[in-house]
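Here the structure comes first, spelled out in structure tokens, and everything after it is commentary.
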Amino acid sequence: MNLLLGSLTIGFILSLLALGVYVSFRIFNFADITTDGSITLGAATAAILIVKGVHPLWATLIAAGAGYMAGTLTGILHTRFNIHALLSGILVMTALYSVNLHVMGRSNVPLLSEKTLATYAEQVGTRWANGEVFNVLGWEVAARDAAVLIFSIIIILLVSIGLLIFFRTNLGTAMRATGDNPQMIRALGVNTGNMIVVGLGLANGLVALSGALLAQYQGFADVQMGIGMVVWGLASVIIGEALVHASQLGLTIIGAVMGSILFRLLVAIALRWGLNPNDLKLVTAAFVFAALVLPRILNVFRKQKAETSDA
Amino acid sequence: MWVAVKRLILGVVLILFASSVLLISDWQHRVAPAKPIPHVALFQFASRPILDEAARGLVDGLSERGYVQDKTILIQKYNSENDLPTANNIAKAIIDSDAKMVLTLTTPCLQAMASVNRDGKLIHVFGTVTDPFASGVGLNRNNSLNRPKHLVGIGTFQPVKESFNLAWKFFPHLKIVGNIRCPAEACSLECTKLAREVCREMGIELLEVTVDNSVDVLEAARSLVSRGAQALWVGGDNVVELALSSVIKAAREAKIPVFTNAPGTVAMGVLFGLGADYYEVGKAQGFLAADVLDGRDPASIPINNVIPKKLTINLDVLRSLRDPWHIPDDVMKSAAEVVGCQPHLKPINKASSRPVSRKLFGHNYKICFLNYTESTFVEDAVEGIHEEFDALGFVEGRDYTLRISNAQGDMPTLMTMIDGAVSEKIDLIMVSSTPALQAVACRVHDRPVVFGNIASPILAGVATSDAQHQANLTGVSTLSDFDGMARLVRECLPHARRAGTLFVPSELNSVFNRDLLTVALKNVGIELKSVSVSSSSDVLDAAISLTEQDVDALCQVNSSILDASFSAIAQAAQTSKTPLFAFTSGLVERSGGAVGLSRDYIQGGRDMVMLVVRILNGEDPAHIPIEIISTTILVVNLKNADLCGLRVPDSVLKRADRVIER
């Protein structure tokens, strides 16, 4: 039960990362590698502010703001200096490594004895459950774990609804059009460059928010924590697409969240079944492969069935 | 709308399926639905090792019978910190609390509680009492069932006779034994009465002094020594036991041994302690309490004497004695614990052969080793862990199961790994590398953690000093031997005035190491110059600039970036003929260093196991200070030494653990 709660919590926290990648990769068709740097930037900013005594809520919001700045920087490199999308991401990501070191002042900031959003959620949870543990269907559940999970679900709900509303406004629609059909939207008098800058800012803001929450949940920020994150974000988005198999905005957003959760659950199962530690990444790759291929096979089956019933 | 829901079904179903797979894997860890939780008060007189042991046994005994702390029973702990008035106040507070049972440890607690609980509001289960019948709470020695109906418990009369027999066996010419006691202690008096009888039978003269408080103990002990005592004996006396180090001090001055009836005292310097295993005594009391909680009538249970004997011996004491005390092999074998080394047995760089308490075998402890990413250091540590378990006689699969998990450098996976270990009811977690330690420290508070491969637990935020650390964890740090290195540099280069090192400002450990090396070198009169490096591509340039600053040696501190590009430093050292010292043996063996003084990471693994065994044996990790890896390896590479112009003195070559020939 602990394992389920823990992996759901991480799944939800990282679904913010997936949403960020979804915005840049799917809405703007922009493979944005800044993610690796901005998730650490979010974690580092939040961690150092919390250590300095800033309220964790503000620290988290400022961290998201820092991510936004990083994203706009990538956007400016791409649109104003005509640098290739991948390269501008790489440049900002590389620079962020040093920036993160400067932000933290060292490579690793522990948060073990600080008050974070996670510890607040734990306090509330213990108060509600009236004790450290309660019982769900026979499993013992630590109140703090459940509280942190509920807290992260609430954040994801808020963020997803916010995104959905935002992409339905005029600005949001213009952004989506920038990704889908730039010529058309330029003809309508929209500056696509500005759209990309703001959009990447938004994407990296989400990613940094994810990093800030992750740091508070795991109890430290480390300069290496972002390495490879963009890959998991992409995997979640693509798994999500394969799951919902639709193009409506709301569904794709839910898909990205579900993709992230499913991905973490699969990793947890692999770990729970005690596989050889050296095979972990191989098995995760196999899982992702299965998640991508299964829906397609199911579709083929469905079609065949439809055909036979038509005949 | 329906179409939208249909689109989501596949995802939701898959998530539910994956969740249920996880839950089903976890099926056997379900617990029965909670009944109304009984409240129980646990009342202990002071924080002494044996009382803590007994309290631990008590809680374990209850949980073995299904009354698990905070889950199926609420145990409120009280401690009067060795103060009788406080004990009386606590007793009143317990009466007014909503506890329905009180468990007391020690005679003063029994007495204080019994006097306020005369009308039997609470069921009272007592333990860790030498002689309950002498404590004046209305118990009848001849018919133990004739007593207040709410009062039940166990007595633990110290094995006084056996202790004197043992002392006589170790030294047959024993004629005079000294004893110190506090006259206010009823139990102590009972022990002494018995001792007088035993001594009369054995023809030993028992010298007695009494003290009113622990401050007078040292003087009292010295007076016994001056009256010719050949050994000092301390019975079950709370006051004297608190000042036991004074007794030992007086005995050491006179080169005579101290023996006690408290096995936990040998580590302090007592020759042997033969007494009750208070953990087992506590457990017996816990079983008794569980019986009563299950509904057994306390009035129907007789009061028995429970004395699970435990012998512990300290061999270090034996060597410094005036008289020829000798411990026969059969007694050695029967000891539950032997502290100190036998003279002929000196484990150097070998798995330790300290005997392990037999009660640890057969439990199949579930241990997991969590790690953030692969490295040779970790592989060495794992090798050491297996070696040490083998050497101690632990059999994998029977006595322990060690599962190694590796997050392969992925932080979210690290978190999932830890949750997995927690939900699998792992007994103990071993953890390597700083991020993994931090994540464990944040997530795990309810089971012991032993860490290794951590340069500085203080920088990692889990400790404020070696002794002050998060309560459930302790471990082994890999901090380099800076003083040893400073002496080594001085020995190899008697005229050196200045040494240099590179460091990486962004690496916590690198800066930390440089600062410590600066201090250590300064102590031997060498100034340390340092040049900063930001990435591996700058290393060669930085090393060359360092060698141009008139340094007599390069003494490179550990850093992950610099270790990876150590060859560049070696190249600069060889071009400029500057001797190169390193803190990692591998760098000397393979990457161009001349002399290396390295922590032995394999030994680090063995040291971790020693801590694991201490914790499994019942020690509280909160009280185990963080250790540094206990051995260092001196490696000399003569080929590299020639290349960088160093003539390694014979004295260094002689004590080197490994010499790589030209």
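Residue numbering restarts at 1 in every chain; chains get A, B, ... in the order shown in the structure tokens, and ligands count up from 1 in that same order.
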
How close does each residue of region 62-170 of chain A get to region 28-39 of chain A, giving the shortest atom pair and distance in Å to one decimal for every residue with an atom at most 6 Å away, counting only C-alpha atoms, sorted by chain and residue number, as JSON lines?
{"residue": "A:Gly67", "atom": "CA", "partner": "A:Ser38", "partner_atom": "CA", "distance": 5.4}
{"residue": "A:Gly89", "atom": "CA", "partner": "A:Thr34", "partner_atom": "CA", "distance": 4.6}
{"residue": "A:Ile90", "atom": "CA", "partner": "A:Ile33", "partner_atom": "CA", "distance": 5.9}
{"residue": "A:Val92", "atom": "CA", "partner": "A:Thr34", "partner_atom": "CA", "distance": 6.0}
{"residue": "A:Met93", "atom": "CA", "partner": "A:Gly37", "partner_atom": "CA", "distance": 4.6}
{"residue": "A:Leu96", "atom": "CA", "partner": "A:Gly37", "partner_atom": "CA", "distance": 5.4}

Item to check | Backbone-only DSSP, alpha helix (DSSP H) members of region 257-473 of chain B, as a PyMOL selection string | outcome: chain B and resi 266-269+278-294+315-319+329-334+376-391+411-423+434-443

Please produce a file of those selected residues containing C-alpha atoms, as a PDB file, in the first residue's frame.
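File written: again09.pdb
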ATOM      1  CA  VAL B 266      31.123  -4.758  30.450  1.00  0.00           C
ATOM      2  CA  ALA B 267      31.664  -2.245  27.683  1.00  0.00           C
ATOM      3  CA  MET B 268      32.465   0.352  30.369  1.00  0.00           C
ATOM      4  CA  GLY B 269      35.386  -1.715  31.658  1.00  0.00           C
ATOM      5  CA  TYR B 278      16.883  -7.599  30.975  1.00  0.00           C
ATOM      6  CA  TYR B 279      15.625  -7.646  27.440  1.00  0.00           C
ATOM      7  CA  GLU B 280      14.277 -11.132  28.151  1.00  0.00           C
ATOM      8  CA  VAL B 281      13.009 -10.025  31.563  1.00  0.00           C
ATOM      9  CA  GLY B 282      11.142  -7.169  29.880  1.00  0.00           C
ATOM     10  CA  LYS B 283       9.794  -9.599  27.335  1.00  0.00           C
ATOM     11  CA  ALA B 284       8.504 -11.913  30.060  1.00  0.00           C
ATOM     12  CA  GLN B 285       6.789  -8.938  31.669  1.00  0.00           C
ATOM     13  CA  GLY B 286       5.347  -8.040  28.252  1.00  0.00           C
ATOM     14  CA  PHE B 287       3.946 -11.564  27.851  1.00  0.00           C
ATOM     15  CA  LEU B 288       2.417 -11.350  31.306  1.00  0.00           C
ATOM     16  CA  ALA B 289       0.834  -7.978  30.466  1.00  0.00           C
ATOM     17  CA  ALA B 290      -0.477  -9.443  27.202  1.00  0.00           C
ATOM     18  CA  ASP B 291      -2.037 -12.345  29.152  1.00  0.00           C
ATOM     19  CA  VAL B 292      -3.866  -9.886  31.371  1.00  0.00           C
ATOM     20  CA  LEU B 293      -4.912  -7.744  28.387  1.00  0.00           C
ATOM     21  CA  ASP B 294      -6.256 -10.914  26.770  1.00  0.00           C
ATOM     22  CA  LEU B 315      38.950  -9.376  27.786  1.00  0.00           C
ATOM     23  CA  ASP B 316      40.669  -5.997  27.644  1.00  0.00           C
ATOM     24  CA  VAL B 317      40.343  -5.712  31.427  1.00  0.00           C
ATOM     25  CA  LEU B 318      42.102  -9.049  31.918  1.00  0.00           C
ATOM     26  CA  ARG B 319      45.411  -7.788  30.564  1.00  0.00           C
ATOM     27  CA  ASP B 329      37.480 -21.639  27.581  1.00  0.00           C
ATOM     28  CA  ASP B 330      34.213 -23.284  28.582  1.00  0.00           C
ATOM     29  CA  VAL B 331      33.134 -20.093  30.354  1.00  0.00           C
ATOM     30  CA  MET B 332      34.166 -18.064  27.312  1.00  0.00           C
ATOM     31  CA  LYS B 333      31.977 -20.223  25.151  1.00  0.00           C
ATOM     32  CA  SER B 334      28.981 -19.764  27.392  1.00  0.00           C
ATOM     33  CA  THR B 376      33.416   0.846  -8.048  1.00  0.00           C
ATOM     34  CA  PHE B 377      33.122   2.157  -4.473  1.00  0.00           C
ATOM     35  CA  VAL B 378      29.674   0.658  -4.149  1.00  0.00           C
ATOM     36  CA  GLU B 379      30.779  -2.652  -5.615  1.00  0.00           C
ATOM     37  CA  ASP B 380      33.630  -2.748  -3.085  1.00  0.00           C
ATOM     38  CA  ALA B 381      31.246  -1.999  -0.229  1.00  0.00           C
ATOM     39  CA  VAL B 382      28.871  -4.775  -1.305  1.00  0.00           C
ATOM     40  CA  GLU B 383      31.796  -7.189  -1.465  1.00  0.00           C
ATOM     41  CA  GLY B 384      32.762  -6.198   2.089  1.00  0.00           C
ATOM     42  CA  ILE B 385      29.183  -6.647   3.302  1.00  0.00           C
ATOM     43  CA  HIS B 386      29.003 -10.212   2.013  1.00  0.00           C
ATOM     44  CA  GLU B 387      32.465 -11.046   3.382  1.00  0.00           C
ATOM     45  CA  GLU B 388      31.626  -9.792   6.848  1.00  0.00           C
ATOM     46  CA  PHE B 389      28.288 -11.565   7.048  1.00  0.00           C
ATOM     47  CA  ASP B 390      30.056 -14.799   6.041  1.00  0.00           C
ATOM     48  CA  ALA B 391      32.824 -14.249   8.592  1.00  0.00           C
ATOM     49  CA  MET B 411      15.697  10.131  -8.650  1.00  0.00           C
ATOM     50  CA  PRO B 412      11.979   9.275  -8.941  1.00  0.00           C
ATOM     51  CA  THR B 413      12.884   5.591  -9.116  1.00  0.00           C
ATOM     52  CA  LEU B 414      14.908   6.064  -5.936  1.00  0.00           C
ATOM     53  CA  MET B 415      11.744   7.179  -4.140  1.00  0.00           C
ATOM     54  CA  THR B 416       9.723   4.243  -5.470  1.00  0.00           C
ATOM     55  CA  MET B 417      12.509   1.878  -4.411  1.00  0.00           C
ATOM     56  CA  ILE B 418      12.351   3.195  -0.856  1.00  0.00           C
ATOM     57  CA  ASP B 419       8.550   2.935  -0.687  1.00  0.00           C
ATOM     58  CA  GLY B 420       8.878  -0.624  -1.961  1.00  0.00           C
ATOM     59  CA  ALA B 421      11.329  -1.505   0.800  1.00  0.00           C
ATOM     60  CA  VAL B 422       9.076   0.036   3.443  1.00  0.00           C
ATOM     61  CA  SER B 423       5.955  -1.787   2.287  1.00  0.00           C
ATOM     62  CA  THR B 434      24.255  10.918  -0.484  1.00  0.00           C
ATOM     63  CA  PRO B 435      21.016  11.324  -2.525  1.00  0.00           C
ATOM     64  CA  ALA B 436      19.842   7.863  -1.521  1.00  0.00           C
ATOM     65  CA  LEU B 437      20.621   8.586   2.138  1.00  0.00           C
ATOM     66  CA  GLN B 438      18.724  11.873   2.022  1.00  0.00           C
ATOM     67  CA  ALA B 439      15.700  10.289   0.387  1.00  0.00           C
ATOM     68  CA  VAL B 440      15.706   7.473   2.947  1.00  0.00           C
ATOM     69  CA  ALA B 441      16.133   9.903   5.835  1.00  0.00           C
ATOM     70  CA  CYS B 442      13.110  11.825   4.586  1.00  0.00           C
ATOM     71  CA  ARG B 443      10.829   8.827   3.988  1.00  0.00           C
TER      72      ARG B 443
END

Counting only C-alpha atoms, what are the residues of chain A within 7 Å of chain B, and for each of them which pair of atoms is the nearest and at what distance in Å, to one decimal? Sort the table by chain and rising number, as CSV.
residue,atom,partner,partner_atom,distance
A:Met1,CA,B:Leu23,CA,6.1
A:Asn2,CA,B:Ser423,CA,5.4
A:Leu3,CA,B:Asp419,CA,4.7
A:Leu4,CA,B:Leu22,CA,6.4
A:Gly6,CA,B:Asp419,CA,6.1
A:Ser7,CA,B:Thr416,CA,5.8
A:Ile10,CA,B:Pro412,CA,6.8
A:Leu101,CA,B:Ser506,CA,6.0
A:Arg106,CA,B:Ser506,CA,5.1
A:Ser107,CA,B:Glu507,CA,5.6
A:Pro110,CA,B:Gly461,CA,5.5
A:Leu112,CA,B:Cys442,CA,5.9
A:Asn135,CA,B:Pro33,CA,6.8
A:Gly138,CA,B:Arg30,CA,5.0
A:Trp139,CA,B:Arg30,CA,4.5
A:Glu140,CA,B:Val31,CA,6.8
A:Gln218,CA,B:Ala439,CA,5.4
A:Gly219,CA,B:Cys442,CA,5.5
A:Phe220,CA,B:Gln438,CA,6.7
A:Met225,CA,B:Met411,CA,5.9
A:Leu243,CA,B:Gly11,CA,5.3
A:Val244,CA,B:Arg7,CA,5.0
A:His245,CA,B:Arg7,CA,6.8
A:Met258,CA,B:Gly11,CA,6.5
A:Leu262,CA,B:Ile15,CA,5.6
A:Leu265,CA,B:Ala18,CA,6.3
A:Leu266,CA,B:Ala18,CA,6.9
A:Ala268,CA,B:Thr416,CA,6.1
A:Ile269,CA,B:Leu22,CA,6.1
A:Leu271,CA,B:Met417,CA,6.6
A:Arg272,CA,B:Gly420,CA,6.1
A:Pro277,CA,B:Ser405,CA,5.3

Checklist entry - Near Leu200 (chain A), within 6 Å and counting only C-alpha atoms, which residues show up once chain neighbours fewer than 5 positions away are dropped, as an NGL selection string? => result :A and (24 or 71-72)

Checklist entry - If you run DSSP on the backbone, which residues of region 41-145 of chain A are strand (DSSP E), as a list in words? => result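 So, restricting region 41-145 of chain A to strand (DSSP E), we get Asn108, Val109, Pro110, Val133, Phe134, Asn135, Val136, Trp139, Glu140, Val141 and Ala142 of chain A.
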
Checklist entry - Which residue, B:Leu166, B:Ile50, B:Val225, B:Met202, has the smallest gap to Leu242 (chain B) when you use only C-alpha atoms? => result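 Among the listed residues, B:Ile50 lies closest to Leu242 (chain B).
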